[in-house]
Amino acid sequence: MRLREYSPKNSTKAYLRSFSNLICISLAIGFLTRIALLLNPQTQVGFTAGEWISIFVLGAVNDLCIAVVGYFIYWLFFVFLSKGKYQRPWGYLIEGVLLSAFIYVAFFNTIFDEYGSAVPKIAKAVIFYKLLSFSLRLFIPAVREAWSRTIYILITFLFVSVLLINAVGEFYFWNEFGVRYNFIAVDYLVYTNEVIGDILESYPIIPLFSGLALVAAIITFFMIRPLFHEFRQNPSVRKKAAYSFAYALMAAASIFILRFNLRFQDSANTFANELQANGTYKFYTAFQTSELKYADFYATLPTKTAISLINAQYNSQGKNNLQEIKDSLPEVHKNIVLITVESLSGSFLTRYGNEQNITPNLDKLMEQSLSFDNLFAVGNRTVRGLEAVTLCLPPSAGESVIKQPNNGNLFSTGKVLKDKGYQVQFLYGGYGYFDNMETFFSGNGYQVIDRNRFKKGEVSFANVWGACDEDIFAKAIRVFSDDAQKGKPFFGHIMTVSNHRPFTYPEGKIDISGKIKSREGGVKYTDYAIGKFLESARKQPWFANTVFIITADHCASSAGKTEIPLDKYHIPGMIYAPGFIHPGRINTLMSQIDLMPTVFGLLHFSYPSHFYGKNVFSYEYKPRTFVATYQNLGYYEKNTLTVLSPVRKVQQFEAIATKDYNYSLSAKFKLDQAQKDKAIANYQTRAELLELKKH
């Protein structure tokens, strides 16, 4: 085959075709991704004509801009293509710099070591590769052209592979959360081992990635084949400067447009907003805004006004919401066991409309307990639920308090109980470093019993998230029995893990195989483990003197047409204490943060409190609940849902309950000022309370 002769024109054409090919591939994959997300079962809503245009037209513009920014790696490749760098003395100077850099990172303590984890290894590998590749090209000139072509092919293959993998990742993320990448995806980067393990156990990764690699290879072949011989000679410095200037203008314009288009992702239809967005840019913005200071981003009231409203609502005093909880009856210091169940939506239980019989033990237990039928989780992540039942405060903007720095020595349920002589423990089948749980609970007076505290033989089955629920409950029985011997009441807070993807658990326990890896199986196995735990607990001498509370950390999914779909926050809650607390059904609107103050009320505790959570049986209690996402903070009272969002935005919705605790939300165009002020006062003073650490 005769090679095409080089000419400057051919070179220019090659650069332009390379750029246009990648743009086309990016737009095609972006379009197909939107189609897949539209067909996903999570997308349960219709769209107006304007929303359809936004999804596909503005969506394509966003994809185009990301592709232009992503072309940066090609710009680096082209701009550093040069034969002059191999000439004396430049070649030997570069070689010396690379060799020195490698010796430095390999044998000395460097800035990379300060980051720890895999960062030092990555730095060494990258610099070693640069040293090796440059050495080969410097001392063996014959390989230079072939090397450059190979690198170009690899860059193209990786570029296309990343586009395909990202598209598949977005599909699975949408399938789980009903949104594009957000702060949860950012969090997943921190806990790489757990997340990679979860992915490996949940999905057929090897066949999936093999198929994606094959598709990427085919696309790369057809993209490169017409251009393969166009790069036989490097462009001149003048042309490189011209290309660089043009690319810099396009990249700057793309970044501006991406930011500008965010204003079009603020409609009432969450799905329309998410579909027109680009997942990569959503990930970037989530990474940039992982912390949100309330006063900087949300609507506020004058401090004195906010404090006055809170004092009136909670019958408290001062800016730290101080309340003197008094009970006329003697305190009852029973043992307390709190179980927060992973992802237990109210819709999984028979009472709330489920017909799959996946919670037979909880269904039976609910009839024997004091149950709360109108209970709402504060958020959609485990740390939100743990924060709610521990601190009894409305949720924070941005990250949960559990993941924030300086989160020790806070006023908590653990502190109240410890002050009354209780042994206070947090039990978790996974590793406590995940989501900063160990730091948070140990810093607030809890003894943390996690996977590291399991002895040999105590783990019968585990997946990436930790020991199965049977194992953590069996461990709890042993721990509580030891506690009971010490003559002091105990408080044990148990967090389950099995009802979490990949939904694997021991075989032969329930009638759904763990090999199927289904949500229904995960729910039913956790239900089975709870039933077995209570069966074992009933045989213990401490059982009759123990109060059991069972609730969820959050629902299984929070996706909906609105930013905060109320029905996706509805969770079960029950207090089980045979012979002490009479069974019954409470339909009073309440929040997760009210559970433990209600338990304290049933035990006739008297204590100074800074909680926003209240005993729902108290004459002071005013029904309301808090529901939130990472950025949107909801306050629900008297059929009005007030949503506070960044840029000091306030929306209100009329919430009408329908069958099985579903809710129809319609936007209110005239805001209820009293409800708006209450919402602002609660979230504003809560933020100030934690910042001052006065509670």
# chains A, B, ... in the order shown; residues from 1 in each chain; ligands from 1
call {"tool": "residues_around", "arguments": {"residues": "Gly346 (chain A)", "least_positions_apart": "6", "cutoff": "8 Å", "atoms": "only C-alpha atoms", "output": "compact mmCIF listing (two decimals) with N, CA and C atoms, in the first residue's frame"}}
result
# COMPACT_ATOMS: atom_id res chain seq x y z
N TYR A 352 -48.70 -0.66 54.35
CA TYR A 352 -48.65 0.52 53.49
C TYR A 352 -48.81 0.17 52.01
N CYS A 555 -35.41 5.78 52.61
CA CYS A 555 -36.14 4.92 51.67
C CYS A 555 -35.19 4.33 50.63
N HIS A 570 -41.33 8.37 53.17
CA HIS A 570 -42.20 7.72 54.16
C HIS A 570 -41.57 6.41 54.62
N ILE A 571 -41.33 6.28 55.91
CA ILE A 571 -40.66 5.09 56.46
C ILE A 571 -41.47 4.53 57.62
N PRO A 572 -41.27 3.26 57.95
CA PRO A 572 -41.93 2.68 59.12
C PRO A 572 -41.21 3.06 60.40
call {"tool": "residues_around", "arguments": {"residues": "region 247-256 of chain A", "least_positions_apart": "2", "cutoff": "12 Å", "atoms": "only C-alpha atoms", "output": "PDB file with N, CA and C atoms, in the first residue's frame"}}
result
ATOM      1  N   TYR A  15      -6.011  17.182  11.759  1.00  0.00           N
ATOM      2  CA  TYR A  15      -6.371  17.728  13.068  1.00  0.00           C
ATOM      3  C   TYR A  15      -7.855  18.055  13.131  1.00  0.00           C
ATOM      4  N   LEU A  16      -8.383  18.670  12.083  1.00  0.00           N
ATOM      5  CA  LEU A  16      -9.788  19.043  12.064  1.00  0.00           C
ATOM      6  C   LEU A  16     -10.693  17.819  12.062  1.00  0.00           C
ATOM      7  N   PHE A  19     -10.750  16.165  15.454  1.00  0.00           N
ATOM      8  CA  PHE A  19     -11.599  16.924  16.371  1.00  0.00           C
ATOM      9  C   PHE A  19     -13.077  16.677  16.079  1.00  0.00           C
ATOM     10  N   VAL A  61     -26.085  20.632  23.350  1.00  0.00           N
ATOM     11  CA  VAL A  61     -25.139  21.742  23.538  1.00  0.00           C
ATOM     12  C   VAL A  61     -24.213  21.449  24.716  1.00  0.00           C
ATOM     13  N   ASN A  62     -24.783  20.939  25.809  1.00  0.00           N
ATOM     14  CA  ASN A  62     -23.959  20.599  26.969  1.00  0.00           C
ATOM     15  C   ASN A  62     -22.960  19.494  26.646  1.00  0.00           C
ATOM     16  N   ASP A  63     -23.419  18.488  25.912  1.00  0.00           N
ATOM     17  CA  ASP A  63     -22.520  17.396  25.517  1.00  0.00           C
ATOM     18  C   ASP A  63     -21.399  17.911  24.622  1.00  0.00           C
ATOM     19  N   LEU A  64     -21.751  18.823  23.693  1.00  0.00           N
ATOM     20  CA  LEU A  64     -20.750  19.404  22.798  1.00  0.00           C
ATOM     21  C   LEU A  64     -19.687  20.151  23.599  1.00  0.00           C
ATOM     22  N   CYS A  65     -20.127  20.930  24.573  1.00  0.00           N
ATOM     23  CA  CYS A  65     -19.181  21.718  25.369  1.00  0.00           C
ATOM     24  C   CYS A  65     -18.254  20.820  26.182  1.00  0.00           C
ATOM     25  N   ILE A  66     -18.781  19.755  26.746  1.00  0.00           N
ATOM     26  CA  ILE A  66     -17.942  18.825  27.512  1.00  0.00           C
ATOM     27  C   ILE A  66     -16.939  18.142  26.588  1.00  0.00           C
ATOM     28  N   ALA A  67     -17.369  17.805  25.370  1.00  0.00           N
ATOM     29  CA  ALA A  67     -16.456  17.171  24.418  1.00  0.00           C
ATOM     30  C   ALA A  67     -15.309  18.110  24.054  1.00  0.00           C
ATOM     31  N   VAL A  68     -15.630  19.393  23.877  1.00  0.00           N
ATOM     32  CA  VAL A  68     -14.581  20.376  23.557  1.00  0.00           C
ATOM     33  C   VAL A  68     -13.584  20.471  24.709  1.00  0.00           C
ATOM     34  N   VAL A  69     -14.083  20.540  25.931  1.00  0.00           N
ATOM     35  CA  VAL A  69     -13.187  20.603  27.091  1.00  0.00           C
ATOM     36  C   VAL A  69     -12.368  19.313  27.199  1.00  0.00           C
ATOM     37  N   GLY A  70     -13.006  18.184  26.928  1.00  0.00           N
ATOM     38  CA  GLY A  70     -12.313  16.898  26.999  1.00  0.00           C
ATOM     39  C   GLY A  70     -11.234  16.727  25.947  1.00  0.00           C
ATOM     40  N   TYR A  71     -11.340  17.519  24.883  1.00  0.00           N
ATOM     41  CA  TYR A  71     -10.332  17.444  23.816  1.00  0.00           C
ATOM     42  C   TYR A  71      -8.974  17.943  24.303  1.00  0.00           C
ATOM     43  N   PHE A  72      -8.928  18.469  25.514  1.00  0.00           N
ATOM     44  CA  PHE A  72      -7.679  18.987  26.090  1.00  0.00           C
ATOM     45  C   PHE A  72      -6.555  17.954  26.034  1.00  0.00           C
ATOM     46  N   ILE A  73      -6.897  16.697  26.260  1.00  0.00           N
ATOM     47  CA  ILE A  73      -5.858  15.664  26.258  1.00  0.00           C
ATOM     48  C   ILE A  73      -5.237  15.524  24.865  1.00  0.00           C
ATOM     49  N   TYR A  74      -6.049  15.719  23.815  1.00  0.00           N
ATOM     50  CA  TYR A  74      -5.513  15.692  22.454  1.00  0.00           C
ATOM     51  C   TYR A  74      -4.648  16.916  22.194  1.00  0.00           C
ATOM     52  N   TRP A  75      -5.075  18.035  22.711  1.00  0.00           N
ATOM     53  CA  TRP A  75      -4.272  19.249  22.538  1.00  0.00           C
ATOM     54  C   TRP A  75      -2.882  19.055  23.157  1.00  0.00           C
ATOM     55  N   LEU A  76      -2.846  18.469  24.340  1.00  0.00           N
ATOM     56  CA  LEU A  76      -1.546  18.197  24.963  1.00  0.00           C
ATOM     57  C   LEU A  76      -0.694  17.292  24.086  1.00  0.00           C
ATOM     58  N   PHE A  78      -0.825  16.828  20.770  1.00  0.00           N
ATOM     59  CA  PHE A  78      -0.374  17.491  19.548  1.00  0.00           C
ATOM     60  C   PHE A  78       0.674  18.574  19.823  1.00  0.00           C
ATOM     61  N   VAL A  79       0.470  19.333  20.891  1.00  0.00           N
ATOM     62  CA  VAL A  79       1.370  20.448  21.138  1.00  0.00           C
ATOM     63  C   VAL A  79       2.768  19.976  21.536  1.00  0.00           C
ATOM     64  N   LYS A 240       1.047  25.111  15.582  1.00  0.00           N
ATOM     65  CA  LYS A 240       0.678  24.720  16.946  1.00  0.00           C
ATOM     66  C   LYS A 240       0.104  25.916  17.709  1.00  0.00           C
ATOM     67  N   ALA A 241       0.715  27.074  17.522  1.00  0.00           N
ATOM     68  CA  ALA A 241       0.237  28.275  18.204  1.00  0.00           C
ATOM     69  C   ALA A 241      -1.165  28.640  17.733  1.00  0.00           C
ATOM     70  N   ALA A 242      -1.396  28.505  16.417  1.00  0.00           N
ATOM     71  CA  ALA A 242      -2.718  28.818  15.869  1.00  0.00           C
ATOM     72  C   ALA A 242      -3.771  27.846  16.399  1.00  0.00           C
ATOM     73  N   TYR A 243      -3.424  26.535  16.396  1.00  0.00           N
ATOM     74  CA  TYR A 243      -4.349  25.527  16.925  1.00  0.00           C
ATOM     75  C   TYR A 243      -4.642  25.796  18.403  1.00  0.00           C
ATOM     76  N   SER A 244      -3.608  26.113  19.141  1.00  0.00           N
ATOM     77  CA  SER A 244      -3.762  26.328  20.580  1.00  0.00           C
ATOM     78  C   SER A 244      -4.655  27.533  20.869  1.00  0.00           C
ATOM     79  N   PHE A 245      -4.468  28.598  20.110  1.00  0.00           N
ATOM     80  CA  PHE A 245      -5.286  29.790  20.305  1.00  0.00           C
ATOM     81  C   PHE A 245      -6.754  29.494  20.004  1.00  0.00           C
ATOM     82  N   LEU A 258     -21.565  26.051  29.572  1.00  0.00           N
ATOM     83  CA  LEU A 258     -21.967  25.041  30.559  1.00  0.00           C
ATOM     84  C   LEU A 258     -22.506  25.704  31.820  1.00  0.00           C
ATOM     85  N   ARG A 259     -21.817  26.742  32.264  1.00  0.00           N
ATOM     86  CA  ARG A 259     -22.276  27.457  33.457  1.00  0.00           C
ATOM     87  C   ARG A 259     -23.573  28.219  33.181  1.00  0.00           C
ATOM     88  N   PHE A 260     -23.642  28.831  32.013  1.00  0.00           N
ATOM     89  CA  PHE A 260     -24.833  29.601  31.643  1.00  0.00           C
ATOM     90  C   PHE A 260     -26.063  28.700  31.571  1.00  0.00           C
ATOM     91  N   ASN A 261     -25.899  27.495  31.039  1.00  0.00           N
ATOM     92  CA  ASN A 261     -27.028  26.583  30.844  1.00  0.00           C
ATOM     93  C   ASN A 261     -27.584  26.025  32.152  1.00  0.00           C
ATOM     94  N   LEU A 262     -26.869  26.201  33.247  1.00  0.00           N
ATOM     95  CA  LEU A 262     -27.390  25.729  34.532  1.00  0.00           C
ATOM     96  C   LEU A 262     -28.707  26.418  34.886  1.00  0.00           C
ATOM     97  N   TYR A 281     -20.441  17.040  33.796  1.00  0.00           N
ATOM     98  CA  TYR A 281     -20.439  18.377  34.393  1.00  0.00           C
ATOM     99  C   TYR A 281     -21.196  18.382  35.717  1.00  0.00           C
ATOM    100  N   TYR A 284     -18.778  17.280  38.234  1.00  0.00           N
ATOM    101  CA  TYR A 284     -17.836  18.362  38.549  1.00  0.00           C
ATOM    102  C   TYR A 284     -18.468  19.368  39.502  1.00  0.00           C
TER     103      TYR A 284
END
call {"tool": "closest_residue", "arguments": {"among": "A:Arg686, A:Lys418, A:Lys509, A:Arg381", "to": "Asp435 (chain A)", "atoms": "only C-alpha atoms"}}
result
A:Arg381
call {"tool": "residues_around", "arguments": {"residues": "Ser666 (chain A)", "least_positions_apart": "4", "cutoff": "9 Å", "atoms": "only C-alpha atoms", "output": "PDB file with N, CA and C atoms, in the first residue's frame"}}
result
ATOM      1  N   GLN A 652     -43.047  26.543  47.376  1.00  0.00           N
ATOM      2  CA  GLN A 652     -44.021  25.842  48.209  1.00  0.00           C
ATOM      3  C   GLN A 652     -44.930  24.995  47.344  1.00  0.00           C
ATOM      4  N   PHE A 653     -45.342  23.871  47.918  1.00  0.00           N
ATOM      5  CA  PHE A 653     -46.217  22.934  47.224  1.00  0.00           C
ATOM      6  C   PHE A 653     -47.364  22.546  48.145  1.00  0.00           C
ATOM      7  N   GLU A 654     -48.534  22.419  47.554  1.00  0.00           N
ATOM      8  CA  GLU A 654     -49.654  21.858  48.305  1.00  0.00           C
ATOM      9  C   GLU A 654     -49.559  20.343  48.192  1.00  0.00           C
ATOM     10  N   ALA A 655     -49.530  19.677  49.326  1.00  0.00           N
ATOM     11  CA  ALA A 655     -49.372  18.224  49.347  1.00  0.00           C
ATOM     12  C   ALA A 655     -50.700  17.573  49.708  1.00  0.00           C
ATOM     13  N   ILE A 656     -51.194  16.748  48.811  1.00  0.00           N
ATOM     14  CA  ILE A 656     -52.465  16.055  49.030  1.00  0.00           C
ATOM     15  C   ILE A 656     -52.184  14.564  49.109  1.00  0.00           C
TER      16      ILE A 656
END
call {"tool": "closest_residue", "arguments": {"among": "A:Thr685, A:Gln592, A:Asn273, A:Ser481", "to": "Lys539 (chain A)", "atoms": "only C-alpha atoms"}}
result
A:Ser481
call {"tool": "closest_atom_pairs", "arguments": {"of": "region 279-338 of chain A", "to": "region 599-615 of chain A", "cutoff": "10 Å", "atoms": "only C-alpha atoms", "output": "Markdown table"}}
result
| residue | atom | partner | partner_atom | distance |
| --- | --- | --- | --- | --- |
| A:Ile310 | CA | A:Tyr612 | CA | 8.9 |
| A:Gln313 | CA | A:Tyr612 | CA | 9.4 |
| A:Tyr314 | CA | A:Tyr612 | CA | 7.2 |
| A:Ser316 | CA | A:His610 | CA | 8.5 |
| A:Gln317 | CA | A:His610 | CA | 9.7 |
| A:Lys319 | CA | A:His610 | CA | 9.9 |
| A:Asn320 | CA | A:His610 | CA | 6.5 |
| A:Asn321 | CA | A:His610 | CA | 5.2 |
| A:Leu322 | CA | A:His610 | CA | 5.0 |
| A:Gln323 | CA | A:Ser609 | CA | 5.0 |
| A:Glu324 | CA | A:Pro608 | CA | 4.6 |
| A:Ile325 | CA | A:Ser606 | CA | 5.1 |
| A:Lys326 | CA | A:Ser606 | CA | 4.6 |
| A:Asp327 | CA | A:His604 | CA | 5.6 |
| A:Ser328 | CA | A:His604 | CA | 7.7 |
| A:Leu329 | CA | A:His604 | CA | 6.1 |
| A:Pro330 | CA | A:His604 | CA | 6.5 |
| A:Glu331 | CA | A:His604 | CA | 4.8 |
| A:Val332 | CA | A:Leu603 | CA | 5.0 |
| A:His333 | CA | A:Leu603 | CA | 7.0 |
| A:Lys334 | CA | A:Leu603 | CA | 7.7 |
| A:Ile336 | CA | A:Val599 | CA | 9.0 |
call {"tool": "residues_around", "arguments": {"residues": "Ala106 (chain A)", "least_positions_apart": "5", "cutoff": "12 Å", "atoms": "only C-alpha atoms", "output": "list in words"}}
result
Leu99, Ser100, Ala101, Phe112, Asp113, Pro120, Lys121, Ile122, Ala123, Lys124, Ala125, Val126, Ile127 and Phe128 of chain A
call {"tool": "residues_around", "arguments": {"residues": "Ile151 (chain A)", "least_positions_apart": "5", "cutoff": "9 Å", "atoms": "only C-alpha atoms", "output": "list in words"}}
result
Phe77, Ala146 and Thr156 of chain A
call {"tool": "select_by_dssp", "arguments": {"residues": "region 287-405 of chain A", "states": "strand (DSSP E)", "output": "number ranges by chain"}}
result
A: 323-325, 335-341, 370-372, 375-376
call {"tool": "write_last_selection", "arguments": {"atoms": "C-alpha atoms", "output": "PDB file, in the first residue's frame"}}
result
ATOM      1  CA  GLN A 323     -35.706  23.241  76.796  1.00  0.00           C
ATOM      2  CA  GLU A 324     -36.215  21.810  80.257  1.00  0.00           C
ATOM      3  CA  ILE A 325     -37.974  18.496  79.716  1.00  0.00           C
ATOM      4  CA  ASN A 335     -32.420  -1.008  78.145  1.00  0.00           C
ATOM      5  CA  ILE A 336     -32.915   0.526  74.708  1.00  0.00           C
ATOM      6  CA  VAL A 337     -32.155  -1.144  71.379  1.00  0.00           C
ATOM      7  CA  LEU A 338     -32.491   1.050  68.277  1.00  0.00           C
ATOM      8  CA  ILE A 339     -32.370  -0.688  64.900  1.00  0.00           C
ATOM      9  CA  THR A 340     -32.002   1.486  61.802  1.00  0.00           C
ATOM     10  CA  VAL A 341     -32.684  -0.704  58.790  1.00  0.00           C
ATOM     11  CA  LEU A 370     -46.689   1.160  69.054  1.00  0.00           C
ATOM     12  CA  SER A 371     -46.328   2.111  65.407  1.00  0.00           C
ATOM     13  CA  PHE A 372     -46.051   5.504  63.759  1.00  0.00           C
ATOM     14  CA  LEU A 375     -43.257   9.061  59.916  1.00  0.00           C
ATOM     15  CA  PHE A 376     -40.817  10.597  57.427  1.00  0.00           C
TER      16      PHE A 376
END
call {"tool": "closest_residue", "arguments": {"among": "A:Ala537, A:Ile53, A:Ala185, A:Ile23", "to": "Ala286 (chain A)", "atoms": "only C-alpha atoms"}}
result
A:Ala185
call {"tool": "closest_residue", "arguments": {"among": "A:Phe454, A:Phe271, A:Tyr294, A:Phe287", "to": "Pro395 (chain A)", "atoms": "only C-alpha atoms"}}
result
A:Tyr294
call {"tool": "atom_distance", "arguments": {"atom1": "CA of Ser536 (chain A)", "atom2": "CA of Pro578 (chain A)"}}
result
15.1 Å
call {"tool": "closest_residue", "arguments": {"among": "A:Ile55, A:Gly197, A:Pro597, A:Ile224", "to": "Ala462 (chain A)", "atoms": "only C-alpha atoms"}}
result
A:Gly197
call {"tool": "residues_around", "arguments": {"residues": "Asp594 (chain A)", "least_positions_apart": "4", "cutoff": "12 Å", "atoms": "only C-alpha atoms", "output": "ChimeraX atom specification"}}
result
/A:372,374-378,385,388-394,413,551,573,588-590,598-601,611-618,621-626
call {"tool": "closest_residue", "arguments": {"among": "A:Tyr663, A:Tyr525, A:Phe426, A:Tyr683", "to": "Pro565 (chain A)", "atoms": "only C-alpha atoms"}}
result
A:Tyr663
call {"tool": "atom_distance", "arguments": {"atom1": "CA of Ala60 (chain A)", "atom2": "CA of Ile564 (chain A)"}}
result
27.1 Å
call {"tool": "select_by_dssp", "arguments": {"residues": "region 643-687 of chain A", "states": "alpha helix (DSSP H)", "output": "list in words"}}
result
Gln673, Ala674, Gln675, Lys676, Asp677, Lys678, Ala679, Ile680, Ala681, Asn682, Tyr683, Gln684, Thr685, Arg686 and Ala687 of chain A
call {"tool": "residues_around", "arguments": {"residues": "Leu38 (chain A)", "least_positions_apart": "3", "cutoff": "12 Å", "atoms": "only C-alpha atoms", "output": "number ranges by chain"}}
result
A: 31-35, 41-47, 52, 55-56, 171, 174-175, 178-179, 271-272, 274-276
